[in-house]
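Beneath this line is the structure, given in structure tokens, with notes to follow.
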Amino acid sequence: MPKPPADTRPPDDAGGQAARPIASPLADRLVALIRAYGPITVADYMSDALFHPNDGYYTSQSPIGARGDFTTAPEVSQIFGELIGLWLVQSWMEIGEPDYFTLVELGPGRGVMMQDILRAAAVRPKFLKAARVQLVETSGRLRHEQQKRLKGAPASIEWKDSFNETADGPILIVANELFDCLPIRQFVMTERGWRERMVNVADDSEQLIFTTAFAPPLDLDDAPAAAAPGEVYEISEAGDALIEDISARLARNKGRALIIDYGHVGEGLGDTLQAIRGHGRWRPLDAPGHADITAHVNFRRLVRRAFDAGAAAYGPVSQSALLDRLGLALRVERLCAGKSQPEIDEIHAGAFRIAAASEMGELFRAIAVSSPELAAPVGFDVP
């Protein structure tokens, strides 16, 4: 299921956070830290809540699937990963069919998409022979699931802790629902100008609350000029750094990256911080480490950063449009051939969920980042 829209919070000075319904050792640590040293940024809070080595969400929970907290498109339908696999094969052909290249997936979840990618890529055995798969995963739990699922895969697979550890040379990169979980900073327009939103502790309890910093921020040169009091501007320094690293790599090596996530293409105004647990809405400051916390991706900013780093960028296009251009209808037809009616119904239901405008099709968008000398990639080459 797509993640729900951002929850509505009370004003920063109103407290308003409900009592934490479950024990959260990380919340206790953060309360003690803030009491001792003062409020922390939203980015620092997200970083700890998601990636703390002992109590972070991705290090301590099993987030994906029916028993987890959310479901991604590859988990809904095998068609998603298969079409991306064919896109990667086409991209490999367009970069000259190198005998050796690195196939990188950033944030590979439970390994489902890579499994489907490699199955679809079997149409070009030379692709599989040339591919050196490198999965960038920081969660030990998820890495273990990936290793079990991809045991015996038709290509060599390595695991890396960061994108910068992946091999140099020709490269193809895919990232689905990664950028949305990279920490963001939030800034609120006040009567005194932009002020950073912080995470603090309520005076009369041990509850985490949102407040705003008194001092103005130092790095908001690109904030929208016209913002009304109370409006929120978000930036992801981690997202900026990652897209710049990807783009710099593609500027010096032939390759492409496909990035799919949910987000917007506007100026970046709006509070999009949200949390989900048990496939339902969750308040972001409740029980950190026990819920997924995300924010909408600013695709316009990603595209601009890609060009600034020397790469070419295309899109965004909706997930619906991309899958349609990659042959969704034909793949559904072929999968249904010879199947029973219940199997056919299941295939159609999965395709509907990943592509329909009322489901994931318009909520999610995609951009492609390319070496500058390459033509527009398939799916993004429609005028």
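Following the order of the structure tokens, first chain is A, next is B, and so on, with residues numbered from 1 inside each chain and ligands from 1 in the order they appear.
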
All strand (DSSP E or B) residues (DSSP, backbone) inside range 174-375 of chain A, as JSON, numbers by chain: {"A": [174, 175, 176, 185, 186, 187, 188, 189, 190, 193, 194, 195, 196, 197, 198, 199, 200, 201, 208, 209, 210, 211, 212, 232, 233, 234, 235, 255, 256, 257, 258, 259, 260, 261, 262, 263, 264, 269, 274, 275, 276, 277, 280, 281, 282, 292, 293, 294, 297, 298, 312, 313, 314, 315, 316, 317, 318, 364, 365, 366, 367, 368, 369, 370]}

Contacts of Ser320 in chain A at 8 Å (only C-alpha atoms; same-chain gap of 5+ positions) as a PyMOL selection string: chain A and resi 354-357+360-362

Spatial neighbours of Arg197 in chain A, max dist 8 Å, only C-alpha atoms, sep filter under 4 positions, as a PyMOL selection string: chain A and resi 41-42+185-188+210-213

Counting only C-alpha atoms, the option among A:Met189, A:Ile246, A:Ala257, A:Ala131 closest to Tyr233 in chain A: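 Distance minimum relative to Tyr233 in chain A lands on A:Met189.
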
Residues of range 135-378 of chain A in alpha helix (DSSP H), written as a PyMOL selection string: chain A and resi 140-149+237-252+299-308+319-325+328-336+341-355

Residue contacts of range 226-229 of chain A (12 Å, only C-alpha atoms) excluding same-chain residues fewer than 3 positions away, as number ranges by chain: A: 187-195, 222-223, 232-233, 267-270

Please produce a file of the residues just selected, as a compact mmCIF listing (two decimals), in the first residue's frame, where the atoms kept are N, CA and C atoms.
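part.txt, freshly written:
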# COMPACT_ATOMS: atom_id res chain seq x y z
N PHE A 187 12.13 23.81 8.17
CA PHE A 187 12.21 25.22 8.54
C PHE A 187 10.81 25.82 8.46
N VAL A 188 10.47 26.62 9.46
CA VAL A 188 9.14 27.22 9.56
C VAL A 188 9.26 28.73 9.37
N MET A 189 8.40 29.30 8.51
CA MET A 189 8.38 30.75 8.36
C MET A 189 7.66 31.38 9.55
N THR A 190 8.34 32.26 10.23
CA THR A 190 7.77 32.95 11.39
C THR A 190 7.79 34.45 11.13
N GLU A 191 7.31 35.22 12.08
CA GLU A 191 7.35 36.67 11.96
C GLU A 191 8.78 37.18 11.95
N ARG A 192 9.73 36.37 12.42
CA ARG A 192 11.14 36.75 12.42
C ARG A 192 11.89 36.15 11.23
N GLY A 193 11.17 35.52 10.30
CA GLY A 193 11.82 34.87 9.17
C GLY A 193 11.89 33.37 9.38
N TRP A 194 12.69 32.69 8.56
CA TRP A 194 12.81 31.24 8.66
C TRP A 194 13.49 30.85 9.97
N ARG A 195 12.91 29.86 10.63
CA ARG A 195 13.51 29.30 11.84
C ARG A 195 13.42 27.78 11.73
N ASP A 222 18.31 28.85 -1.03
CA ASP A 222 17.40 28.42 -2.09
C ASP A 222 15.96 28.26 -1.61
N ALA A 223 15.62 28.73 -0.43
CA ALA A 223 14.25 28.65 0.05
C ALA A 223 13.34 29.54 -0.80
N VAL A 232 6.13 25.56 5.86
CA VAL A 232 7.30 24.75 6.17
C VAL A 232 8.09 24.49 4.90
N TYR A 233 9.39 24.61 5.00
CA TYR A 233 10.30 24.29 3.90
C TYR A 233 11.20 23.15 4.35
N GLU A 267 7.89 23.77 -5.20
CA GLU A 267 8.98 24.53 -4.61
C GLU A 267 9.43 23.97 -3.27
N GLY A 268 8.76 22.94 -2.78
CA GLY A 268 9.20 22.32 -1.54
C GLY A 268 8.53 22.87 -0.30
N LEU A 269 7.48 23.70 -0.46
CA LEU A 269 6.76 24.19 0.70
C LEU A 269 5.73 23.15 1.14
N GLY A 270 5.65 22.93 2.45
CA GLY A 270 4.69 21.97 2.98
C GLY A 270 5.34 21.02 3.96

Proximity to Pro25 in chain A - best of A:Ser358, A:Phe299, A:Arg283, A:Pro288, only C-alpha atoms: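 Closest to Pro25 in chain A of all the choices is A:Pro288.
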
Atom-to-atom span, CA of Pro284 in chain A and CA of Gly56 in chain A, Å: 13.5 Å

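Among the candidates A:Arg119, A:Lys339, A:His52, A:Arg149, the residue lying nearest to Ile84 in chain A is A:Arg119 (atoms considered: only C-alpha atoms).
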
Among the residues A:Ala248, A:Ile95, A:Ile367, A:Val123, the one that comes closest to Gly310 in chain A [using only C-alpha atoms]: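 When distances to Gly310 in chain A are compared using only C-alpha atoms, the smallest one comes from A:Ala248.
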
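Among the candidates A:Ser91, A:Ser139, A:Gln207, A:Gln341, the one nearest to Leu374 in chain A when counting only C-alpha atoms is A:Ser91.
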
Spatial neighbours of Leu323 in chain A, 8 Å, only C-alpha atoms, chain gap at least 6 places, as JSON, numbers by chain: {"A": [80, 83, 355, 379]}

For the residues selected in the previous step, produce a file with N, CA and C atoms as an mmCIF file, in the first residue's frame.
data_model
loop_
_atom_site.group_PDB
_atom_site.id
_atom_site.type_symbol
_atom_site.label_atom_id
_atom_site.label_comp_id
_atom_site.auth_asym_id
_atom_site.auth_seq_id
_atom_site.Cartn_x
_atom_site.Cartn_y
_atom_site.Cartn_z
ATOM 1 N N PHE A 80 6.476 -5.266 -11.508
ATOM 2 C CA PHE A 80 7.236 -4.044 -11.239
ATOM 3 C C PHE A 80 8.730 -4.288 -11.434
ATOM 4 N N LEU A 83 9.760 -5.305 -15.147
ATOM 5 C CA LEU A 83 9.857 -4.199 -16.105
ATOM 6 C C LEU A 83 11.102 -3.355 -15.849
ATOM 7 N N ALA A 355 -0.095 0.560 -10.646
ATOM 8 C CA ALA A 355 -0.173 1.494 -11.767
ATOM 9 C C ALA A 355 -1.385 2.413 -11.771
ATOM 10 N N GLY A 379 11.119 5.128 -21.620
ATOM 11 C CA GLY A 379 10.214 5.527 -20.552
ATOM 12 C C GLY A 379 10.251 7.002 -20.271
#

Counting only C-alpha atoms, the option among A:Gly152, A:Gly278, A:Gly289, A:Pro316 closest to Gly263 in chain A: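 Among the listed residues, A:Pro316 lies closest to Gly263 in chain A.
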
Straight-line distance linking CA of Arg141 in chain A with CA of Ala167 in chain A, stated in Å to one decimal: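 Going from CA of Arg141 in chain A over to CA of Ala167 in chain A, I get 23.9 Å.
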
d(CA of Gln134 in chain A, CA of His290 in chain A) in Å: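 The value is 28.2 Å.
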
Phe51 in chain A environment, 12 Å, only C-alpha atoms, sequence neighbours closer than 2 positions dropped, as JSON, numbers by chain: {"A": [26, 43, 44, 45, 46, 47, 48, 49, 53, 54, 55, 56, 57, 58, 59, 60, 61, 137, 138, 139, 140, 181, 182, 183, 288, 289, 290, 291, 292, 293]}

Residues near Asp240 in chain A, cut-off 8 Å, only C-alpha atoms, skip fewer than 3 positions along chain, as a list in words: Ser236, Glu237, Ile243, Glu244, Leu302 and Arg305 of chain A

Put those residues in a file: C-alpha atoms, as a compact mmCIF listing (two decimals), in the first residue's frame.
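And here is the file that came out, out_5.txt:
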# COMPACT_ATOMS: atom_id res chain seq x y z
CA SER A 236 17.37 16.64 2.71
CA GLU A 237 21.11 17.16 2.95
CA ILE A 243 22.22 12.34 -5.77
CA GLU A 244 25.42 14.34 -6.18
CA LEU A 302 17.10 16.13 -7.23
CA ARG A 305 21.46 18.67 -8.23
